[in-house]
Structure formats: C-alpha cells, structure tokens
file target-v1.txt (compact mmCIF, C-alpha atoms)
# COMPACT_ATOMS: atom_id res chain seq x y z
CA MET A 1 -29.49 -17.75 -37.02
CA SER A 2 -25.96 -18.45 -35.83
CA GLU A 3 -25.18 -17.98 -32.14
CA ALA A 4 -23.60 -14.66 -31.15
CA PRO A 5 -19.87 -14.87 -30.48
CA LEU A 6 -19.02 -15.23 -26.80
CA ILE A 7 -16.13 -13.75 -24.82
CA GLY A 8 -15.73 -15.03 -21.28
CA ILE A 9 -14.44 -12.77 -18.50
CA VAL A 10 -13.95 -13.33 -14.77
CA ALA A 11 -13.10 -10.34 -12.56
CA GLY A 12 -12.64 -10.84 -8.83
CA GLU A 13 -12.99 -7.42 -7.25
CA LYS A 14 -13.74 -3.73 -7.83
CA SER A 15 -10.46 -2.91 -9.57
CA GLY A 16 -11.02 -5.85 -11.92
CA ASP A 17 -14.57 -4.69 -12.59
CA ILE A 18 -13.22 -1.31 -13.72
CA LEU A 19 -10.64 -2.94 -15.98
CA GLY A 20 -13.26 -5.32 -17.34
CA ALA A 21 -15.66 -2.52 -18.18
CA GLY A 22 -13.00 -0.66 -20.13
CA LEU A 23 -12.05 -3.82 -21.97
CA ILE A 24 -15.66 -4.67 -22.85
CA ALA A 25 -16.26 -1.18 -24.24
CA ALA A 26 -13.12 -1.45 -26.40
CA LEU A 27 -13.87 -5.01 -27.56
CA ARG A 28 -17.41 -4.06 -28.61
CA LYS A 29 -15.90 -1.85 -31.30
CA LYS A 30 -14.32 -4.96 -32.79
CA TYR A 31 -17.08 -7.45 -31.93
CA PRO A 32 -20.34 -5.46 -31.74
CA ASP A 33 -22.54 -8.58 -31.56
CA ALA A 34 -20.51 -10.42 -28.95
CA GLU A 35 -21.90 -11.63 -25.63
CA PHE A 36 -19.75 -11.04 -22.56
CA ILE A 37 -20.41 -13.58 -19.81
CA GLY A 38 -18.66 -14.78 -16.65
CA VAL A 39 -18.22 -13.03 -13.31
CA GLY A 40 -18.15 -9.27 -12.97
CA GLY A 41 -19.41 -6.29 -11.02
CA PRO A 42 -21.70 -3.31 -11.58
CA ASP A 43 -19.48 -1.46 -14.07
CA MET A 44 -19.29 -4.50 -16.35
CA ILE A 45 -22.98 -5.35 -15.89
CA ALA A 46 -23.93 -1.78 -16.87
CA LEU A 47 -22.35 -2.50 -20.29
CA GLY A 48 -24.51 -5.58 -20.85
CA PHE A 49 -22.24 -8.14 -19.21
CA THR A 50 -23.95 -11.25 -17.79
CA SER A 51 -22.54 -12.26 -14.42
CA LEU A 52 -23.10 -15.88 -13.42
CA ALA A 53 -22.09 -15.27 -9.78
CA ASP A 54 -21.62 -12.47 -7.26
CA MET A 55 -18.21 -10.92 -7.87
CA GLU A 56 -17.74 -10.26 -4.15
CA ARG A 57 -17.44 -14.01 -3.51
CA LEU A 58 -14.03 -13.90 -5.21
CA SER A 59 -12.74 -10.92 -3.20
CA VAL A 60 -10.39 -12.77 -0.87
CA MET A 61 -6.66 -12.24 -0.50
CA GLY A 62 -3.63 -13.51 1.36
CA PHE A 63 -2.27 -17.00 1.97
CA VAL A 64 -4.60 -18.09 4.78
CA GLU A 65 -7.76 -15.98 4.47
CA PRO A 66 -9.25 -17.83 1.43
CA LEU A 67 -9.05 -21.28 3.04
CA GLY A 68 -12.51 -21.11 4.60
CA ARG A 69 -14.04 -20.40 1.19
CA LEU A 70 -12.32 -23.18 -0.75
CA PRO A 71 -15.39 -25.42 -1.22
CA GLU A 72 -17.40 -22.50 -2.59
CA LEU A 73 -14.57 -21.36 -4.86
CA PHE A 74 -13.95 -24.87 -6.21
CA ALA A 75 -17.66 -25.26 -6.96
CA LEU A 76 -17.74 -21.94 -8.80
CA LYS A 77 -14.65 -22.82 -10.83
CA ARG A 78 -16.18 -26.14 -11.82
CA ARG A 79 -19.44 -24.46 -12.86
CA LEU A 80 -17.62 -21.86 -14.97
CA LYS A 81 -15.40 -24.49 -16.58
CA GLU A 82 -18.40 -26.57 -17.59
CA TYR A 83 -20.21 -23.51 -18.92
CA PHE A 84 -17.32 -22.27 -21.07
CA ILE A 85 -16.43 -25.71 -22.40
CA LYS A 86 -20.02 -26.05 -23.53
CA ARG A 87 -20.30 -22.52 -25.01
CA ARG A 88 -16.75 -22.34 -26.53
CA PRO A 89 -15.91 -18.62 -26.21
CA LEU A 90 -13.68 -16.85 -28.71
CA ALA A 91 -11.41 -16.24 -25.74
CA PHE A 92 -11.50 -16.38 -21.97
CA ILE A 93 -10.03 -13.42 -20.04
CA GLY A 94 -9.22 -13.72 -16.36
CA ILE A 95 -8.79 -10.30 -14.77
CA ASP A 96 -6.49 -10.37 -11.73
CA SER A 97 -7.57 -12.87 -8.96
CA PRO A 98 -4.70 -15.15 -10.06
CA ASP A 99 -5.24 -17.95 -7.54
CA PHE A 100 -8.71 -18.51 -8.98
CA ASN A 101 -8.30 -17.44 -12.59
CA LEU A 102 -5.03 -19.19 -13.40
CA ARG A 103 -6.51 -22.53 -12.34
CA LEU A 104 -9.57 -21.95 -14.48
CA GLU A 105 -7.47 -20.70 -17.40
CA GLU A 106 -5.25 -23.78 -17.31
CA GLU A 107 -8.24 -26.11 -17.52
CA LEU A 108 -9.84 -24.11 -20.33
CA LYS A 109 -6.58 -23.95 -22.27
CA GLN A 110 -6.39 -27.75 -22.11
CA GLU A 111 -9.75 -27.69 -23.93
CA ASN A 112 -8.22 -25.54 -26.70
CA ILE A 113 -9.93 -22.35 -25.56
CA LYS A 114 -7.69 -19.30 -25.95
CA THR A 115 -6.89 -17.77 -22.56
CA VAL A 116 -5.74 -14.29 -21.53
CA HIS A 117 -4.72 -13.10 -18.09
CA TYR A 118 -5.10 -9.35 -17.52
CA VAL A 119 -2.96 -7.93 -14.65
CA SER A 120 0.22 -9.79 -13.91
CA PRO A 121 0.47 -11.85 -10.73
CA SER A 122 3.31 -10.64 -8.54
CA LEU A 123 5.82 -13.16 -9.89
CA TRP A 124 8.48 -10.44 -9.86
CA ALA A 125 7.95 -10.07 -6.08
CA TYR A 126 7.61 -13.71 -4.99
CA ARG A 127 6.75 -17.19 -6.23
CA GLU A 128 8.65 -16.73 -9.51
CA LYS A 129 8.47 -20.50 -9.97
CA ARG A 130 4.77 -19.99 -10.71
CA ILE A 131 5.85 -18.82 -14.17
CA HIS A 132 5.62 -22.46 -15.22
CA LYS A 133 1.99 -22.61 -14.12
CA VAL A 134 1.30 -19.33 -15.91
CA LYS A 135 2.87 -20.73 -19.07
CA ARG A 136 0.57 -23.75 -18.89
CA ALA A 137 -2.46 -21.55 -18.23
CA VAL A 138 -2.32 -18.60 -20.61
CA ASN A 139 -1.86 -17.86 -24.27
CA LEU A 140 -1.34 -14.16 -23.55
CA MET A 141 -0.42 -12.09 -20.48
CA LEU A 142 -1.45 -8.43 -20.32
CA THR A 143 0.50 -6.34 -17.81
CA LEU A 144 -0.19 -2.87 -16.44
CA PHE A 145 3.40 -1.88 -15.74
CA PRO A 146 6.54 -2.06 -17.91
CA PHE A 147 8.72 -3.72 -15.24
CA GLU A 148 6.42 -6.75 -15.20
CA THR A 149 7.12 -8.03 -18.71
CA ALA A 150 10.69 -9.29 -18.32
CA VAL A 151 9.90 -12.52 -16.45
CA TYR A 152 7.42 -13.57 -19.16
CA GLU A 153 9.76 -12.73 -22.02
CA GLN A 154 12.50 -14.77 -20.34
CA HIS A 155 10.23 -17.83 -20.22
CA GLY A 156 8.64 -17.53 -23.66
CA VAL A 157 5.17 -16.39 -22.54
CA ALA A 158 3.45 -13.99 -24.94
CA VAL A 159 3.15 -10.69 -23.06
CA LYS A 160 1.96 -7.15 -23.75
CA CYS A 161 2.26 -4.13 -21.47
CA VAL A 162 -0.90 -2.09 -22.06
CA GLY A 163 -0.38 0.64 -19.44
CA HIS A 164 -2.86 1.53 -16.74
CA PRO A 165 -6.41 2.84 -17.37
CA LEU A 166 -6.09 5.22 -14.42
CA ALA A 167 -3.22 6.94 -16.19
CA ASP A 168 -5.48 7.34 -19.22
CA SER A 169 -8.49 8.65 -17.33
CA LEU A 170 -6.65 11.11 -15.08
CA GLY A 171 -5.25 14.18 -16.78
CA PHE A 172 -2.46 16.50 -15.68
CA GLU A 173 -4.67 19.27 -14.27
CA ASP A 174 -4.78 19.94 -10.52
CA HIS A 175 -8.32 20.03 -9.13
CA LYS A 176 -7.44 20.64 -5.49
CA LEU A 177 -9.56 23.79 -5.10
CA ARG A 178 -12.59 22.23 -6.82
CA SER A 179 -12.34 19.15 -4.61
CA ARG A 180 -12.02 21.26 -1.48
CA LYS A 181 -15.07 23.27 -2.43
CA LYS A 182 -17.04 20.02 -2.72
CA PHE A 183 -16.18 19.18 0.89
CA ASP A 184 -16.65 22.78 2.17
CA LEU A 185 -12.93 23.16 2.84
CA GLY A 186 -10.95 26.35 2.45
CA ALA A 187 -8.16 26.95 -0.03
CA ASP A 188 -5.72 27.60 2.81
CA ASP A 189 -6.77 24.70 5.05
CA SER A 190 -4.14 22.10 5.93
CA ILE A 191 -5.61 18.78 4.84
CA VAL A 192 -4.35 15.23 5.35
CA THR A 193 -6.32 12.37 3.82
CA LEU A 194 -6.25 9.05 5.68
CA MET A 195 -6.90 5.90 3.62
CA PRO A 196 -6.52 2.71 5.70
CA GLY A 197 -7.84 0.42 2.94
CA SER A 198 -11.18 -0.90 1.79
CA ARG A 199 -11.25 -4.39 3.34
CA GLY A 200 -12.36 -4.90 6.90
CA GLY A 201 -9.08 -6.53 7.93
CA GLU A 202 -7.02 -3.69 6.47
CA ILE A 203 -9.06 -1.07 8.30
CA LYS A 204 -8.80 -3.01 11.56
CA ARG A 205 -5.00 -3.16 11.32
CA LEU A 206 -4.21 0.25 9.80
CA ALA A 207 -6.87 2.75 10.90
CA PRO A 208 -5.81 2.82 14.59
CA VAL A 209 -2.20 3.58 13.57
CA PHE A 210 -3.24 6.31 11.13
CA LEU A 211 -5.71 7.90 13.57
CA ASN A 212 -3.25 7.87 16.46
CA ALA A 213 -0.68 9.53 14.20
CA ALA A 214 -3.29 12.13 13.26
CA VAL A 215 -4.01 12.91 16.91
CA GLN A 216 -0.32 13.15 17.76
CA SER A 217 0.33 15.49 14.83
CA LEU A 218 -2.21 17.99 16.19
CA THR A 219 0.23 18.96 18.94
CA ASP A 220 2.50 20.60 16.33
CA CYS A 221 -0.16 21.32 13.68
CA PRO A 222 -3.33 22.23 15.60
CA ASN A 223 -5.22 23.46 12.51
CA LEU A 224 -5.03 20.15 10.63
CA LYS A 225 -8.16 18.58 9.22
CA PHE A 226 -8.46 14.95 8.16
CA LEU A 227 -10.50 13.50 5.31
CA ILE A 228 -11.29 9.79 5.58
CA PRO A 229 -12.91 8.30 2.45
CA TYR A 230 -14.99 5.12 2.68
CA SER A 231 -16.04 2.76 -0.10
CA SER A 232 -19.10 1.02 1.38
CA ALA A 233 -21.64 1.19 4.17
CA ALA A 234 -19.67 -1.47 6.04
CA ASN A 235 -16.47 0.61 5.75
CA TYR A 236 -18.32 3.68 7.00
CA ALA A 237 -19.71 1.84 10.01
CA GLN A 238 -16.31 0.34 10.88
CA ILE A 239 -14.45 3.65 10.67
CA ASN A 240 -17.19 5.56 12.49
CA ALA A 241 -17.18 3.00 15.31
CA LEU A 242 -13.41 3.36 15.65
CA LEU A 243 -13.66 7.15 15.77
CA ARG A 244 -16.21 6.91 18.58
CA GLU A 245 -14.07 4.37 20.43
CA MET A 246 -11.14 6.81 20.29
CA SER A 247 -13.40 9.78 21.17
CA LEU A 248 -12.60 11.34 17.78
CA PHE A 249 -16.03 12.52 16.77
CA ARG A 250 -16.89 13.29 13.21
CA GLY A 251 -17.22 16.95 12.37
CA GLU A 252 -14.90 19.68 11.19
CA ARG A 253 -11.74 17.83 12.29
CA PHE A 254 -12.36 14.25 11.08
CA ILE A 255 -14.53 14.22 7.97
CA LEU A 256 -15.83 11.00 6.40
CA VAL A 257 -16.51 11.25 2.66
CA ASP A 258 -17.67 8.78 0.02
CA ASP A 259 -15.30 10.00 -2.70
CA SER A 260 -11.73 8.68 -2.49
CA HIS A 261 -10.67 10.45 -5.69
CA GLY A 262 -11.89 13.80 -4.36
CA ALA A 263 -10.35 13.16 -0.95
CA ILE A 264 -6.93 12.55 -2.52
CA SER A 265 -7.25 15.58 -4.79
CA ALA A 266 -8.24 17.85 -1.89
CA ALA A 267 -5.28 16.80 0.28
CA ASP A 268 -1.90 18.31 0.94
CA LEU A 269 -0.67 14.86 2.01
CA VAL A 270 -2.13 11.35 1.83
CA VAL A 271 -1.46 8.61 4.40
CA LEU A 272 -2.59 5.35 2.89
CA SER A 273 -2.45 1.61 2.59
CA SER A 274 -0.20 0.05 -0.04
CA GLY A 275 -2.22 -0.81 -3.15
CA THR A 276 -3.84 0.75 -6.22
CA ALA A 277 -4.68 3.90 -4.24
CA THR A 278 -0.96 4.72 -4.18
CA LEU A 279 -1.01 4.84 -7.98
CA GLU A 280 -4.07 7.13 -7.96
CA THR A 281 -2.30 9.37 -5.45
CA LEU A 282 0.79 9.49 -7.69
CA LEU A 283 -1.34 10.35 -10.74
CA LEU A 284 -3.07 13.13 -8.79
CA ARG A 285 0.36 14.52 -7.78
CA ARG A 286 0.03 14.24 -4.02
CA PRO A 287 2.87 13.45 -1.60
CA MET A 288 2.16 10.32 0.41
CA ILE A 289 3.17 8.12 3.30
CA VAL A 290 2.51 4.43 2.63
CA GLY A 291 1.92 1.82 5.30
CA TYR A 292 0.78 -1.77 5.38
CA LYS A 293 0.14 -4.55 7.86
CA LEU A 294 -0.86 -8.11 7.03
CA ALA A 295 -2.41 -10.71 9.27
CA ALA A 296 0.42 -12.13 11.39
CA ILE A 297 0.53 -15.59 9.81
CA THR A 298 0.21 -14.15 6.29
CA PHE A 299 3.12 -11.81 6.95
CA ALA A 300 5.20 -14.67 8.37
CA ILE A 301 4.74 -16.57 5.10
CA ALA A 302 5.10 -13.55 2.81
CA SER A 303 8.27 -12.27 4.49
CA ARG A 304 10.01 -15.53 3.56
CA LEU A 305 8.93 -15.27 -0.07
CA VAL A 306 9.03 -11.60 -1.03
CA LYS A 307 12.32 -10.66 -2.68
CA ILE A 308 11.82 -6.99 -3.61
CA PRO A 309 13.02 -3.95 -1.67
CA TYR A 310 9.73 -2.01 -1.94
CA VAL A 311 6.00 -2.65 -1.88
CA ALA A 312 4.57 0.80 -2.73
CA LEU A 313 3.84 1.15 -6.45
CA PRO A 314 5.53 4.57 -6.83
CA ASN A 315 8.77 3.06 -5.51
CA LEU A 316 8.46 -0.06 -7.67
CA LEU A 317 7.80 2.01 -10.77
CA ALA A 318 10.73 4.33 -10.07
CA GLY A 319 13.08 1.51 -9.06
CA ARG A 320 14.03 3.49 -5.96
CA GLN A 321 12.36 4.98 -2.92
CA LEU A 322 10.33 8.01 -3.93
CA VAL A 323 7.88 7.91 -1.03
CA PRO A 324 8.27 6.63 2.54
CA GLU A 325 6.81 3.19 3.19
CA TYR A 326 6.41 1.41 6.53
CA ILE A 327 5.53 -2.27 6.64
CA GLN A 328 4.26 -4.45 9.50
CA HIS A 329 6.20 -3.76 12.75
CA ASP A 330 7.94 -0.78 11.14
CA LEU A 331 4.57 0.96 10.81
CA THR A 332 4.06 3.04 13.96
CA ALA A 333 1.98 6.07 14.81
CA ALA A 334 5.14 7.95 15.79
CA LYS A 335 6.75 7.49 12.36
CA VAL A 336 3.60 8.48 10.50
CA ARG A 337 3.16 11.46 12.84
CA ASP A 338 6.71 12.63 12.10
CA GLY A 339 6.02 12.42 8.38
CA ILE A 340 2.80 14.43 8.68
CA VAL A 341 4.42 17.16 10.76
CA SER A 342 7.46 17.37 8.49
CA HIS A 343 5.28 17.82 5.44
CA ILE A 344 2.76 20.26 6.90
CA SER A 345 5.53 22.39 8.43
CA GLY A 346 7.05 22.82 4.97
CA ALA A 347 10.31 21.10 5.84
CA GLU A 348 10.37 19.15 2.57
CA ASP A 349 10.67 20.30 -1.04
CA HIS A 350 8.46 18.14 -3.27
CA ALA A 351 9.22 19.73 -6.66
CA GLY A 352 11.48 16.86 -7.69
CA LEU A 353 8.94 14.30 -6.50
CA MET A 354 6.21 15.90 -8.60
CA GLN A 355 8.45 15.74 -11.68
CA GLU A 356 9.03 12.03 -11.06
CA PHE A 357 5.31 11.46 -10.66
CA GLU A 358 4.59 13.15 -14.00
CA LYS A 359 7.29 11.10 -15.73
CA ILE A 360 5.74 7.87 -14.43
CA HIS A 361 2.25 9.07 -15.39
CA ARG A 362 3.28 9.63 -18.98
CA SER A 363 4.98 6.22 -19.17
CA LEU A 364 1.72 4.52 -18.16
CA ARG A 365 -0.60 6.59 -20.36
CA LEU A 366 -0.87 4.13 -23.25
CA ASP A 367 -4.67 3.87 -23.86
CA ALA A 368 -4.79 0.63 -21.88
CA SER A 369 -8.28 -0.60 -22.74
CA ALA A 370 -7.74 -0.13 -26.49
CA GLN A 371 -4.31 -1.80 -26.29
CA ALA A 372 -5.72 -4.72 -24.31
CA ALA A 373 -8.64 -5.15 -26.72
CA ALA A 374 -6.29 -5.08 -29.73
CA ALA A 375 -4.10 -7.75 -28.15
CA VAL A 376 -7.10 -9.96 -27.37
CA ALA A 377 -8.46 -9.47 -30.91
CA GLY A 378 -5.06 -10.40 -32.35
CA LEU A 379 -5.07 -13.63 -30.35
CA ILE A 380 -8.59 -14.45 -31.53
CA GLU A 381 -7.79 -13.71 -35.18
CA ASP A 382 -4.62 -15.79 -35.06
CA SER A 383 -6.66 -18.65 -33.64
CA VAL A 384 -9.29 -18.39 -36.39
CA ALA A 385 -6.59 -18.28 -39.07
CA GLN A 386 -4.99 -21.51 -37.87
call {"tool": "encode", "arguments": {"input": "target-v1.txt", "output": "structure tokens"}}
result
Amino acid sequence: MSEAPLIGIVAGEKSGDILGAGLIAALRKKYPDAEFIGVGGPDMIALGFTSLADMERLSVMGFVEPLGRLPELFALKRRLKEYFIKRRPLAFIGIDSPDFNLRLEEELKQENIKTVHYVSPSLWAYREKRIHKVKRAVNLMLTLFPFETAVYEQHGVAVKCVGHPLADSLGFEDHKLRSRKKFDLGADDSIVTLMPGSRGGEIKRLAPVFLNAAVQSLTDCPNLKFLIPYSSAANYAQINALLREMSLFRGERFILVDDSHGAISAADLVVLSSGTATLETLLLRRPMIVGYKLAAITFAIASRLVKIPYVALPNLLAGRQLVPEYIQHDLTAAKVRDGIVSHISGAEDHAGLMQEFEKIHRSLRLDASAQAAAAVAGLIEDSVAQ
C-alpha cells in the first residue's frame, strides 16, 4: 500500500491551535486520507493531529523573552526539519509564531517542499525589511485581515486574505442576558469585564492597573461588578493572589470566571489587553478600553521600530481610532477609571461605534478555514501539475 499523504503543520500557541483545527477539518474534505503531523495543541489533536512536541514550548513572545529558550527551540526546529525532509509532505503550513516558523519554512522550501504561512507577521507595523526573508521562506501567505495583503503584493509574494474564523463562528445576535444568567448576574447590573491578558508577564504588568482603576471607579459607580476571566489554573492563582494582596476578595464584586467569551458577552464595557481578545470584543459588540505594557527593554526596542499609529485591532481595521488605547507609560489607573465612569454614567453614545463594529465583522466573515484550505489545495495541485 502507498503511504498516506502528509501535511505538516506547526502552531505555536492557543490561537494557532484554533486556526489549525479549523484548517485540518476543511482540508480533510479535500484529502480524507491525509496525515496531519507537526506541533499543535488539544483542538488539533482532537481531530487526529499528531504532535511531535508540546505546543506550549513555542509560546514565547517579544524581543528578549525567547533568548533563554534558544537552544531548545533550535533543537526542535532541527528535529522537525529532518522529519519533514524525510517524509516529504504535500505542503508545510506554519501557523503564526513567525520567528520560529519562517526559519523552518525557509529551510524546507530550499528542499522543494511547498510552504504556507498562516497569519501574517506584523510587517506592516515594523520590520518591513523582513519581507525579503518571507519571500525566501514561503510559497503562499494567508492573512486574516485585508490591510495586511498590500506589502506582499508589492513584493511579489503570493497572498490570500481568508478572513478571520472568529468572524465566521460568532453571529450577530446579542447574548448578554443569557451570559449574565450563567454567572448569576441581573439584567440591570452594571458589569465591567477586566481582561489583563493570558500570559504571566501580561497579568503582572496590567492587572494592577486595571484593578486599581476598578477600585477608583467605585467612588462614582458604587454598584459596579467586575468579571475577570482566566484561561488556566496558573492564571487563576496569579489573579487570585493579586486580589488578596490588594484586599479585593472574590465574591459578588470581583468575580473570577473560566469563560472569556461569556465574560465579554455579559459586560457593559470591557477593559482589556491589546490582542485577539479585542477582535472578539468587537465581534460581540461591546465597547472597550484597550491597554498594553511590554517589558521595559522590549518596549525600548519596539518603540524604535513600530511605525503605526495604533495597536488595537479595532483601530487598525478601521484605519482610525474607534476605541481608546493606552500604551506603556500612557496606561494609568486614572485614565482607565475615567473611561469606566464615563461609560457607566451614560455620557457616551455608542450607536455609531456598534455600526462600525458590524461593518468590520461583515468584512471579515469570509469562511476563513474553507478559504485557507482551498488556497493550500491550490498550491498543492499546482505543484503536482508541474
């Protein structure tokens, strides 16, 4: 019997695992006998994916933070390269994690293995010169957002905007009351959801600012309640320890929940870290205040390189400031507190904002997994035909 066709995939963190699972499900319709092997998480593994390493070992970010893991990451890249050169996949797909995947993709492409990168690196924000490395590394770039394609088209890199799976999976209905019922909250309660990130460093830098703003806002809005979602046992322990340190005990006022989607849906306002959660908040039609702080040395490097006026996805997608965003030293408890009080007191009209959110939602609702699978299949078929 001939060996089953192989498609290689490497995803570096939870968001990549979700994208990878959607892509695998769509590709199976085209290649029902294919094996999917590489590095992935529980969502991909549940669909029969074989992971050759723990996905969490790739979950590092920033300019400085990954340095301590370089020997491990180089060893993993070498092992994956040797494996895929030996097995000769129909295509290799690197999902996000560009510092790792682009290096691996470049080496595999040199061995005449077709390579795809799913989720554009932030070339439009900084390090645009990396386009030359991308061109050496990939046969096809798949982007989530329309504004990301221009730099690839300008440099002759095959690119396809597939939209975002979150925009496909989230409809246009408002489930606020259902979500509140799940958390035993009343329809008339004033709810602010605080989301200081999922990584330990993010929580350490952002949670104290968000919690201090919450406390300060109670002077003007004494009936406020705060939902704080967590994504892991480690997150829960870190946030709970901080609450105790600040004498903000869990209970009816500060409520920890293990459902970020529900916590956003239940809220009147979301205060959150810049990242994918801002897109989910947009798709769920919730006003937001976005903040972010990097490690000091990472920010010092990034501030010299970043060339865009915004970092929050809603603002990038709109090409103008739709939601307030506070970065690094500009992020203070007082500014966040003012935003919370202004919103809860009804001083702002958000009808226009909600219309903008719906417009963006529809622009991203493209059936991303099916579009990505079709693009990958087209690359494979072109390769076979040559």
call {"tool": "closest_atom_pairs", "arguments": {"input": "target-v1.txt", "of": "region 1-38 of chain A", "to": "region 192-209 of chain A", "cutoff": "12 Å", "atoms": "only C-alpha atoms", "output": "CSV"}}
result
residue,atom,partner,partner_atom,distance
A:Glu13,CA,A:Arg199,CA,11.2
A:Lys14,CA,A:Ser198,CA,10.3
A:Ser15,CA,A:Ser198,CA,11.6
call {"tool": "residues_around", "arguments": {"input": "target-v1.txt", "residues": "region 72-89 of chain A", "least_positions_apart": "6", "cutoff": "7 Å", "atoms": "only C-alpha atoms", "output": "VMD selection string"}}
result
chain A and resid 5 to 8 104 108 113
call {"tool": "closest_atom_pairs", "arguments": {"input": "target-v1.txt", "of": "region 58-119 of chain A", "to": "region 144-153 of chain A", "cutoff": "12 Å", "atoms": "all atoms listed in the file", "output": "Markdown table"}}
result
| residue | atom | partner | partner_atom | distance |
| --- | --- | --- | --- | --- |
| A:Ile95 | CA | A:Leu144 | CA | 11.5 |
| A:Asp96 | CA | A:Leu144 | CA | 10.9 |
| A:His117 | CA | A:Leu144 | CA | 11.3 |
| A:Tyr118 | CA | A:Leu144 | CA | 8.2 |
| A:Val119 | CA | A:Leu144 | CA | 6.0 |
call {"tool": "residues_around", "arguments": {"input": "target-v1.txt", "residues": "Ile380 (chain A)", "least_positions_apart": "4", "cutoff": "7 Å", "atoms": "all atoms listed in the file", "output": "list of chain:residue names"}}
result
A:Leu90, A:Ala91, A:Val376, A:Val384
call {"tool": "residues_around", "arguments": {"input": "target-v1.txt", "residues": "Ser232 (chain A)", "least_positions_apart": "2", "cutoff": "12 Å", "atoms": "all atoms listed in the file", "output": "list in words"}}
result
Lys14, Gly197, Ser198, Arg199, Gly200, Pro229, Tyr230, Ala234, Asn235, Tyr236, Ala237, Gln238, Ile239, Leu256, Val257, Asp258, Asp259 and Ser260 of chain A
call {"tool": "write_last_selection", "arguments": {"input": "target-v1.txt", "atoms": "C-alpha atoms", "output": "CSV table (one decimal), in the coordinates of the input"}}
result
chain,number,residue,atom,x,y,z
A,14,LYS,CA,-13.7,-3.7,-7.8
A,197,GLY,CA,-7.8,0.4,2.9
A,198,SER,CA,-11.2,-0.9,1.8
A,199,ARG,CA,-11.2,-4.4,3.3
A,200,GLY,CA,-12.4,-4.9,6.9
A,229,PRO,CA,-12.9,8.3,2.4
A,230,TYR,CA,-15.0,5.1,2.7
A,234,ALA,CA,-19.7,-1.5,6.0
A,235,ASN,CA,-16.5,0.6,5.8
A,236,TYR,CA,-18.3,3.7,7.0
A,237,ALA,CA,-19.7,1.8,10.0
A,238,GLN,CA,-16.3,0.3,10.9
A,239,ILE,CA,-14.4,3.6,10.7
A,256,LEU,CA,-15.8,11.0,6.4
A,257,VAL,CA,-16.5,11.2,2.7
A,258,ASP,CA,-17.7,8.8,0.0
A,259,ASP,CA,-15.3,10.0,-2.7
A,260,SER,CA,-11.7,8.7,-2.5
call {"tool": "residues_around", "arguments": {"input": "target-v1.txt", "residues": "Lys181 (chain A)", "least_positions_apart": "5", "cutoff": "12 Å", "atoms": "all atoms listed in the file", "output": "JSON, numbers by chain"}}
result
{"A": [175, 176, 186, 187, 188, 189, 262, 263, 265, 266]}
call {"tool": "decode", "arguments": {"input": "target-v1.txt", "residues": "region 229-266 of chain A", "atoms": "C-alpha atoms", "output": "PDB file, in the first residue's frame"}}
result
ATOM      1  CA  PRO A 229     -11.936  35.643  33.135  1.00  0.00           C
ATOM      2  CA  TYR A 230      -8.932  33.324  33.442  1.00  0.00           C
ATOM      3  CA  SER A 231      -7.586  30.829  30.927  1.00  0.00           C
ATOM      4  CA  SER A 232      -5.612  28.399  33.108  1.00  0.00           C
ATOM      5  CA  ALA A 233      -5.031  27.306  36.688  1.00  0.00           C
ATOM      6  CA  ALA A 234      -1.839  29.375  36.727  1.00  0.00           C
ATOM      7  CA  ASN A 235      -3.773  32.479  35.588  1.00  0.00           C
ATOM      8  CA  TYR A 236      -6.385  31.881  38.272  1.00  0.00           C
ATOM      9  CA  ALA A 237      -3.773  31.554  41.001  1.00  0.00           C
ATOM     10  CA  GLN A 238      -1.931  34.691  39.844  1.00  0.00           C
ATOM     11  CA  ILE A 239      -5.062  36.846  39.682  1.00  0.00           C
ATOM     12  CA  ASN A 240      -6.441  35.475  42.953  1.00  0.00           C
ATOM     13  CA  ALA A 241      -3.138  36.209  44.716  1.00  0.00           C
ATOM     14  CA  LEU A 242      -3.211  39.779  43.417  1.00  0.00           C
ATOM     15  CA  LEU A 243      -6.796  40.270  44.602  1.00  0.00           C
ATOM     16  CA  ARG A 244      -5.816  39.098  48.088  1.00  0.00           C
ATOM     17  CA  GLU A 245      -2.739  41.336  48.076  1.00  0.00           C
ATOM     18  CA  MET A 246      -4.974  44.324  47.275  1.00  0.00           C
ATOM     19  CA  SER A 247      -7.629  43.184  49.795  1.00  0.00           C
ATOM     20  CA  LEU A 248     -10.111  42.773  46.928  1.00  0.00           C
ATOM     21  CA  PHE A 249     -11.692  39.494  47.895  1.00  0.00           C
ATOM     22  CA  ARG A 250     -13.554  37.390  45.420  1.00  0.00           C
ATOM     23  CA  GLY A 251     -17.309  37.385  45.790  1.00  0.00           C
ATOM     24  CA  GLU A 252     -20.163  39.447  44.436  1.00  0.00           C
ATOM     25  CA  ARG A 253     -17.935  42.404  43.499  1.00  0.00           C
ATOM     26  CA  PHE A 254     -14.921  40.729  41.815  1.00  0.00           C
ATOM     27  CA  ILE A 255     -15.946  37.505  40.113  1.00  0.00           C
ATOM     28  CA  LEU A 256     -13.425  35.126  38.521  1.00  0.00           C
ATOM     29  CA  VAL A 257     -14.833  33.028  35.681  1.00  0.00           C
ATOM     30  CA  ASP A 258     -13.342  30.463  33.300  1.00  0.00           C
ATOM     31  CA  ASP A 259     -15.240  31.680  30.223  1.00  0.00           C
ATOM     32  CA  SER A 260     -13.765  34.728  28.472  1.00  0.00           C
ATOM     33  CA  HIS A 261     -16.384  34.663  25.714  1.00  0.00           C
ATOM     34  CA  GLY A 262     -19.211  34.701  28.256  1.00  0.00           C
ATOM     35  CA  ALA A 263     -17.489  37.372  30.328  1.00  0.00           C
ATOM     36  CA  ILE A 264     -17.242  39.674  27.302  1.00  0.00           C
ATOM     37  CA  SER A 265     -20.832  38.975  26.271  1.00  0.00           C
ATOM     38  CA  ALA A 266     -22.150  39.688  29.780  1.00  0.00           C
TER      39      ALA A 266
END
